[in-house]
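As stored in model.cif (mmCIF, C-alpha atoms):
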data_query
#
loop_
_atom_site.group_PDB
_atom_site.id
_atom_site.type_symbol
_atom_site.label_atom_id
_atom_site.label_comp_id
_atom_site.auth_asym_id
_atom_site.auth_seq_id
_atom_site.Cartn_x
_atom_site.Cartn_y
_atom_site.Cartn_z
ATOM 1 C CA MET D 625 -17.463 17.189 -25.340
ATOM 2 C CA VAL D 626 -16.249 15.953 -21.968
ATOM 3 C CA GLY D 627 -12.741 16.953 -21.074
ATOM 4 C CA ASP D 628 -11.760 19.659 -23.538
ATOM 5 C CA GLY D 629 -11.667 22.324 -20.848
ATOM 6 C CA ALA D 630 -14.706 24.396 -21.827
ATOM 7 C CA GLN D 631 -17.319 24.883 -19.160
ATOM 8 C CA SER D 632 -20.632 26.595 -18.652
ATOM 9 C CA PRO D 633 -20.293 29.840 -16.696
ATOM 10 C CA GLU D 634 -22.801 28.871 -13.993
ATOM 11 C CA HIS D 635 -20.686 25.807 -13.134
ATOM 12 C CA ALA D 636 -17.217 27.320 -13.567
ATOM 13 C CA GLU D 637 -16.683 27.724 -9.818
ATOM 14 C CA LEU D 638 -16.631 23.939 -9.374
ATOM 15 C CA TRP D 639 -13.448 23.593 -11.387
ATOM 16 C CA ASN D 640 -11.756 26.889 -10.556
ATOM 17 C CA ARG D 641 -11.506 26.525 -6.804
ATOM 18 C CA GLY D 642 -8.126 27.484 -5.475
ATOM 19 C CA PRO D 643 -6.486 25.972 -2.412
ATOM 20 C CA VAL D 644 -8.213 26.843 0.835
ATOM 21 C CA GLU D 645 -5.851 28.014 3.555
ATOM 22 C CA GLU D 646 -6.427 27.428 7.242
ATOM 23 C CA ASP D 647 -6.694 30.509 9.469
ATOM 24 C CA GLY D 648 -3.994 29.484 11.903
ATOM 25 C CA GLY D 649 -1.903 27.666 9.336
ATOM 26 C CA ALA D 650 -1.950 24.579 11.557
ATOM 27 C CA ASP D 651 -2.588 21.279 9.853
ATOM 28 C CA GLU D 652 -5.722 19.954 11.482
ATOM 29 C CA GLU D 653 -6.523 16.432 10.458
ATOM 30 C CA GLU D 654 -9.811 16.497 8.602
ATOM 31 C CA PRO D 655 -11.763 13.278 8.066
ATOM 32 C CA PHE D 656 -11.742 12.169 4.430
ATOM 33 C CA VAL D 657 -15.519 11.811 4.424
ATOM 34 C CA PRO D 658 -17.087 14.136 6.997
ATOM 35 C CA GLU D 659 -20.592 13.397 5.628
ATOM 36 C CA PRO D 660 -20.715 9.670 4.734
ATOM 37 C CA ALA D 661 -24.521 9.470 4.577
ATOM 38 C CA LYS D 662 -24.656 12.283 2.018
ATOM 39 C CA LEU D 663 -21.942 10.568 0.000
ATOM 40 C CA MET D 664 -23.899 7.296 -0.005
ATOM 41 C CA ARG D 665 -27.145 9.017 -1.043
ATOM 42 C CA ILE D 666 -25.528 10.848 -3.954
ATOM 43 C CA GLY D 667 -23.635 7.739 -5.020
ATOM 44 C CA GLY D 668 -26.849 5.715 -5.077
ATOM 45 C CA MET D 669 -28.627 8.429 -7.036
ATOM 46 C CA MET D 670 -25.818 8.618 -9.613
ATOM 47 C CA ARG D 671 -25.803 4.842 -10.066
ATOM 48 C CA LYS D 672 -29.573 4.872 -10.657
ATOM 49 C CA LEU D 673 -29.320 7.805 -13.078
ATOM 50 C CA LEU D 674 -26.604 6.020 -15.026
ATOM 51 C CA GLU D 675 -28.896 2.993 -15.411
ATOM 52 C CA GLU D 676 -31.719 5.245 -16.598
ATOM 53 C CA VAL D 677 -29.553 7.107 -19.110
ATOM 54 C CA ARG D 678 -28.306 3.787 -20.528
ATOM 55 C CA HIS D 679 -31.849 2.626 -21.238
ATOM 56 C CA ALA D 680 -33.444 5.903 -22.341
ATOM 57 C CA ASP D 681 -32.987 7.978 -25.459
ATOM 58 C CA LEU D 682 -32.979 11.502 -24.032
ATOM 59 C CA ASP D 683 -33.992 14.564 -26.020
ATOM 60 C CA ASP D 684 -32.119 17.876 -25.777
ATOM 61 C CA ALA D 685 -34.078 19.007 -22.724
ATOM 62 C CA GLY D 686 -33.438 15.690 -20.949
ATOM 63 C CA ARG D 687 -29.701 15.789 -21.689
ATOM 64 C CA ASP D 688 -29.530 19.427 -20.562
ATOM 65 C CA ARG D 689 -31.262 18.465 -17.309
ATOM 66 C CA MET D 690 -28.907 15.505 -16.823
ATOM 67 C CA ARG D 691 -25.924 17.844 -17.279
ATOM 68 C CA ASP D 692 -27.314 20.072 -14.522
ATOM 69 C CA VAL D 693 -27.856 17.056 -12.260
ATOM 70 C CA TYR D 694 -24.280 15.961 -12.945
ATOM 71 C CA TYR D 695 -22.879 19.396 -12.001
ATOM 72 C CA LEU D 696 -25.064 19.558 -8.904
ATOM 73 C CA SER D 697 -23.965 16.059 -7.874
ATOM 74 C CA VAL D 698 -20.276 16.938 -8.231
ATOM 75 C CA SER D 699 -20.843 20.108 -6.206
ATOM 76 C CA GLU D 700 -22.713 18.267 -3.434
ATOM 77 C CA LEU D 701 -20.118 15.489 -3.355
ATOM 78 C CA SER D 702 -17.343 18.058 -3.037
ATOM 79 C CA GLU D 703 -19.037 19.446 0.059
ATOM 80 C CA ALA D 704 -19.349 15.961 1.586
ATOM 81 C CA LEU D 705 -15.627 15.183 1.154
ATOM 82 C CA SER D 706 -12.379 16.365 2.641
ATOM 83 C CA GLU D 707 -10.556 19.100 0.765
ATOM 84 C CA SER D 708 -8.040 16.677 -0.762
ATOM 85 C CA LEU D 709 -10.746 14.290 -2.018
ATOM 86 C CA ALA D 710 -12.859 17.196 -3.293
ATOM 87 C CA ASP D 711 -9.841 18.468 -5.236
ATOM 88 C CA GLU D 712 -9.298 14.993 -6.707
ATOM 89 C CA LEU D 713 -12.953 14.749 -7.683
ATOM 90 C CA ASN D 714 -12.891 18.174 -9.324
ATOM 91 C CA ARG D 715 -9.771 17.256 -11.310
ATOM 92 C CA LEU D 716 -11.406 14.066 -12.589
ATOM 93 C CA ALA D 717 -14.953 15.320 -13.176
ATOM 94 C CA LEU D 718 -14.244 17.366 -16.258
ATOM 95 C CA PRO D 719 -16.807 19.933 -17.398
ATOM 96 C CA PHE D 720 -18.911 19.732 -20.553
ATOM 97 C CA ASP D 721 -18.891 22.170 -23.483
ATOM 98 C CA GLU D 722 -21.320 25.046 -23.595
ATOM 99 C CA GLU D 723 -23.481 22.907 -25.874
ATOM 100 C CA ILE D 724 -25.894 20.271 -24.632
ATOM 101 C CA PRO D 725 -23.916 17.039 -24.170
ATOM 102 C CA THR D 726 -24.682 13.975 -26.233
ATOM 103 C CA GLY D 727 -26.056 10.798 -24.683
ATOM 104 C CA PRO D 728 -22.677 9.029 -24.842
ATOM 105 C CA GLU D 729 -20.932 12.035 -23.248
ATOM 106 C CA LEU D 730 -23.401 11.942 -20.360
ATOM 107 C CA ARG D 731 -22.990 8.189 -19.913
ATOM 108 C CA ILE D 732 -19.199 8.461 -19.899
ATOM 109 C CA ALA D 733 -19.207 11.325 -17.381
ATOM 110 C CA GLN D 734 -21.682 9.561 -15.095
ATOM 111 C CA ALA D 735 -19.884 6.225 -15.367
ATOM 112 C CA GLN D 736 -16.615 7.963 -14.475
ATOM 113 C CA LEU D 737 -18.239 9.568 -11.434
ATOM 114 C CA VAL D 738 -19.885 6.319 -10.306
ATOM 115 C CA GLY D 739 -16.603 4.460 -10.796
ATOM 116 C CA TRP D 740 -14.721 7.048 -8.746
ATOM 117 C CA LEU D 741 -17.303 6.787 -5.967
ATOM 118 C CA GLU D 742 -17.127 2.993 -5.956
ATOM 119 C CA GLY D 743 -13.331 3.221 -5.733
ATOM 120 C CA LEU D 744 -13.710 5.629 -2.820
ATOM 121 C CA PHE D 745 -16.111 3.235 -1.065
ATOM 122 C CA HIS D 746 -13.698 0.323 -1.556
ATOM 123 C CA GLY D 747 -10.843 2.443 -0.240
ATOM 124 C CA ILE D 748 -12.844 3.347 2.856
ATOM 125 C CA GLN D 749 -13.728 -0.309 3.444
ATOM 126 C CA ALA D 750 -10.077 -1.318 3.100
ATOM 127 C CA ALA D 751 -8.978 1.413 5.526
ATOM 128 C CA VAL D 752 -11.597 0.392 8.098
ATOM 129 C CA SER D 753 -10.583 -3.246 7.763
ATOM 130 C CA ALA D 754 -6.908 -2.376 8.213
ATOM 131 C CA GLN D 755 -7.737 -0.293 11.306
ATOM 132 C CA GLN D 756 -9.720 -3.167 12.792
ATOM 133 C CA MET D 757 -6.845 -5.580 12.196
ATOM 134 C CA MET D 758 -4.375 -3.166 13.821
ATOM 135 C CA ALA D 759 -6.662 -2.710 16.819
ATOM 136 C CA GLU D 760 -7.000 -6.487 17.187
ATOM 137 C CA ARG D 761 -3.220 -6.901 17.034
ATOM 138 C CA GLN D 762 -2.721 -4.199 19.653
ATOM 139 C CA LEU D 763 -5.325 -5.785 21.925
ATOM 140 C CA ARG D 764 -3.701 -9.208 21.589
ATOM 141 C CA SER D 765 -0.317 -7.674 22.295
ATOM 142 C CA MET D 766 -1.628 -5.886 25.376
ATOM 143 C CA ARG D 767 -3.279 -9.067 26.629
ATOM 144 C CA GLY D 768 -0.081 -11.043 26.000
ATOM 145 C CA ASN D 769 1.991 -8.469 27.872
ATOM 146 C CA ALA D 770 -0.442 -8.507 30.795
ATOM 147 C CA LEU D 771 -0.310 -12.309 31.021
ATOM 148 C CA GLU D 772 3.502 -12.352 30.856
ATOM 149 C CA ALA D 773 3.804 -9.744 33.584
ATOM 150 C CA GLY D 774 1.718 -11.783 35.981
ATOM 151 C CA PRO D 775 -0.434 -10.311 38.711
ATOM 152 C CA GLY D 776 0.131 -6.693 39.590
ATOM 153 C CA PRO D 777 1.261 -5.461 43.010
ATOM 154 C CA THR D 778 -2.298 -4.978 44.246
ATOM 155 C CA GLN D 779 -3.476 -8.318 42.936
ATOM 156 C CA ASN D 780 -3.192 -11.440 45.048
ATOM 157 C CA PRO D 781 -2.049 -14.408 42.922
ATOM 158 C CA ARG D 782 -4.113 -16.772 45.091
ATOM 159 C CA PRO D 783 -7.525 -15.384 45.918
ATOM 160 C CA GLU D 784 -8.679 -15.992 49.457
ATOM 161 C CA ARG D 785 -11.071 -18.831 49.922
ATOM 162 C CA GLY D 786 -14.244 -18.310 51.715
ATOM 163 C CA GLY D 787 -17.406 -16.468 51.133
ATOM 164 C CA VAL D 788 -20.949 -17.623 51.127
ATOM 165 C CA TYR D 789 -20.802 -19.878 48.074
ATOM 166 C CA LEU D 790 -17.460 -21.591 48.538
#

Can you present the structure in this file as structure tokens?
Amino acid sequence: MVGDGAQSPEHAELWNRGPVEEDGGADEEEPFVPEPAKLMRIGGMMRKLLEEVRHADLDDAGRDRMRDVYYLSVSELSEALSESLADELNRLALPFDEEIPTGPELRIAQAQLVGWLEGLFHGIQAAVSAQQMMAERQLRSMRGNALEAGPGPTQNPRPERGGVYL
């Protein structure tokens, strides 16, 4: 059953990772999604698998394979995310029992993962939008300050007339 804490031994390392310490101890700012293309590919694959699992009645071998795909997807996603997001994902993506999961257990686990990914995508879009708005505001402010200050010391407020075309 999803969420009761039991896990298969080959996948135990996904949920037992301890905090990773930096060599120098300095807090370097790591991007939240260092590999966005990988994240998008896995997210698309999980969404498609969820659709397939909803419409198919899987036998034991199929459900066992889907469990492996789920664990592999969580592992690959963890590598494509920052440490803090990978930790969040590993806290939310609870392991299955030793037994082969049922169809509903697989659907719930996959839906949870797809939902988390969609929330992550929306969060990224909101952050990018906020950054763009801040950059626009700063640009407008800089332009406004430049207009208020008038021409600089090297600029002539009245350009000289003359030239070939005037």

| field | CA of Ser699 in chain D to CA of Ala661 in chain D, distance in Å rounded to a single decimal | value |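 It comes out at 15.6 Å.
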
| said: Suppose a student applies the PyMOL selection byres ((chain D and resi 714) around 8) to this structure; what residues should they get, written as a ChimeraX atom specification? | reply: /D:638-639,698,702,710-713,715-718

| said: I need the output of the PyMOL selection byres ((chain D and resi 729-743) around 7) for this file as a ChimeraX atom specification; which residues are they? | reply: /D:625-626,667,670-671,674,677-678,717,725-728,744-747

| For Pro658 in chain D: contacts at 10 Å, only C-alpha atoms, fewer than 5 positions along chain excluded, given as a PyMOL selection string | chain D and resi 663+703-706

| Could you work out how far CA of Lys672 in chain D lies from CA of Glu723 in chain D, giving the answer in Å with one decimal? |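 Interatomic distance, CA of Glu723 in chain D to CA of Lys672 in chain D: 24.4 Å.
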
| query | Which distance in Å separates CA of Asp681 in chain D and CA of Lys662 in chain D, to one decimal? | reply |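 Atom-to-atom, CA of Asp681 in chain D and CA of Lys662 in chain D are spaced 29.0 Å apart.
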
Each side padded by 4 Å, which centre and which edge lengths in Å (one decimal) define the axis-aligned box around the listed atoms of range 759-775 of chain D? Give them as JSON.
{"center_x": -1.6, "center_y": -7.5, "center_z": 27.8, "size_x": 18.8, "size_y": 17.6, "size_z": 29.9}

| Explicit residues for the PyMOL selection byres ((chain D and resi 695) around 10) (as a VMD selection string) | chain D and resid 634 to 636 638 689 to 694 696 to 701 717 to 720

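Checking D:Leu771, D:Leu673, D:Ile666, D:Met766 one by one against Gly686 in chain D, counting only C-alpha atoms, you find the shortest gap at D:Leu673.
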
Can you sort out range 758-774 of chain D so it carries N, CA and C atoms, written as a PDB file, in the coordinates of the input?
ATOM      1  N   MET D 758      -5.391  -3.766  12.955  1.00  0.00           N
ATOM      2  CA  MET D 758      -4.375  -3.166  13.821  1.00  0.00           C
ATOM      3  C   MET D 758      -4.858  -3.121  15.264  1.00  0.00           C
ATOM      4  N   ALA D 759      -6.116  -2.770  15.469  1.00  0.00           N
ATOM      5  CA  ALA D 759      -6.662  -2.710  16.819  1.00  0.00           C
ATOM      6  C   ALA D 759      -6.668  -4.096  17.454  1.00  0.00           C
ATOM      7  N   GLU D 760      -7.024  -5.110  16.671  1.00  0.00           N
ATOM      8  CA  GLU D 760      -7.000  -6.487  17.187  1.00  0.00           C
ATOM      9  C   GLU D 760      -5.592  -6.889  17.590  1.00  0.00           C
ATOM     10  N   ARG D 761      -4.615  -6.571  16.736  1.00  0.00           N
ATOM     11  CA  ARG D 761      -3.220  -6.901  17.034  1.00  0.00           C
ATOM     12  C   ARG D 761      -2.756  -6.204  18.314  1.00  0.00           C
ATOM     13  N   GLN D 762      -3.102  -4.939  18.447  1.00  0.00           N
ATOM     14  CA  GLN D 762      -2.721  -4.199  19.653  1.00  0.00           C
ATOM     15  C   GLN D 762      -3.365  -4.798  20.887  1.00  0.00           C
ATOM     16  N   LEU D 763      -4.625  -5.183  20.791  1.00  0.00           N
ATOM     17  CA  LEU D 763      -5.325  -5.785  21.925  1.00  0.00           C
ATOM     18  C   LEU D 763      -4.684  -7.109  22.306  1.00  0.00           C
ATOM     19  N   ARG D 764      -4.378  -7.937  21.303  1.00  0.00           N
ATOM     20  CA  ARG D 764      -3.701  -9.208  21.589  1.00  0.00           C
ATOM     21  C   ARG D 764      -2.341  -8.977  22.227  1.00  0.00           C
ATOM     22  N   SER D 765      -1.636  -7.992  21.744  1.00  0.00           N
ATOM     23  CA  SER D 765      -0.317  -7.674  22.295  1.00  0.00           C
ATOM     24  C   SER D 765      -0.441  -7.213  23.744  1.00  0.00           C
ATOM     25  N   MET D 766      -1.428  -6.379  24.008  1.00  0.00           N
ATOM     26  CA  MET D 766      -1.628  -5.886  25.376  1.00  0.00           C
ATOM     27  C   MET D 766      -2.019  -7.032  26.301  1.00  0.00           C
ATOM     28  N   ARG D 767      -2.884  -7.917  25.816  1.00  0.00           N
ATOM     29  CA  ARG D 767      -3.279  -9.067  26.629  1.00  0.00           C
ATOM     30  C   ARG D 767      -2.085  -9.975  26.887  1.00  0.00           C
ATOM     31  N   GLY D 768      -1.277 -10.211  25.852  1.00  0.00           N
ATOM     32  CA  GLY D 768      -0.081 -11.043  26.000  1.00  0.00           C
ATOM     33  C   GLY D 768       0.892 -10.446  26.994  1.00  0.00           C
ATOM     34  N   ASN D 769       1.087  -9.141  26.932  1.00  0.00           N
ATOM     35  CA  ASN D 769       1.991  -8.469  27.872  1.00  0.00           C
ATOM     36  C   ASN D 769       1.458  -8.548  29.295  1.00  0.00           C
ATOM     37  N   ALA D 770       0.150  -8.430  29.461  1.00  0.00           N
ATOM     38  CA  ALA D 770      -0.442  -8.507  30.795  1.00  0.00           C
ATOM     39  C   ALA D 770      -0.296  -9.908  31.369  1.00  0.00           C
ATOM     40  N   LEU D 771      -0.452 -10.936  30.546  1.00  0.00           N
ATOM     41  CA  LEU D 771      -0.310 -12.309  31.021  1.00  0.00           C
ATOM     42  C   LEU D 771       1.139 -12.619  31.383  1.00  0.00           C
ATOM     43  N   GLU D 772       2.089 -12.113  30.584  1.00  0.00           N
ATOM     44  CA  GLU D 772       3.502 -12.352  30.856  1.00  0.00           C
ATOM     45  C   GLU D 772       3.954 -11.664  32.137  1.00  0.00           C
ATOM     46  N   ALA D 773       3.396 -10.509  32.408  1.00  0.00           N
ATOM     47  CA  ALA D 773       3.804  -9.744  33.584  1.00  0.00           C
ATOM     48  C   ALA D 773       3.306 -10.381  34.874  1.00  0.00           C
ATOM     49  N   GLY D 774       2.275 -11.167  34.782  1.00  0.00           N
ATOM     50  CA  GLY D 774       1.718 -11.783  35.981  1.00  0.00           C
ATOM     51  C   GLY D 774       0.844 -10.817  36.735  1.00  0.00           C
TER      52      GLY D 774
END
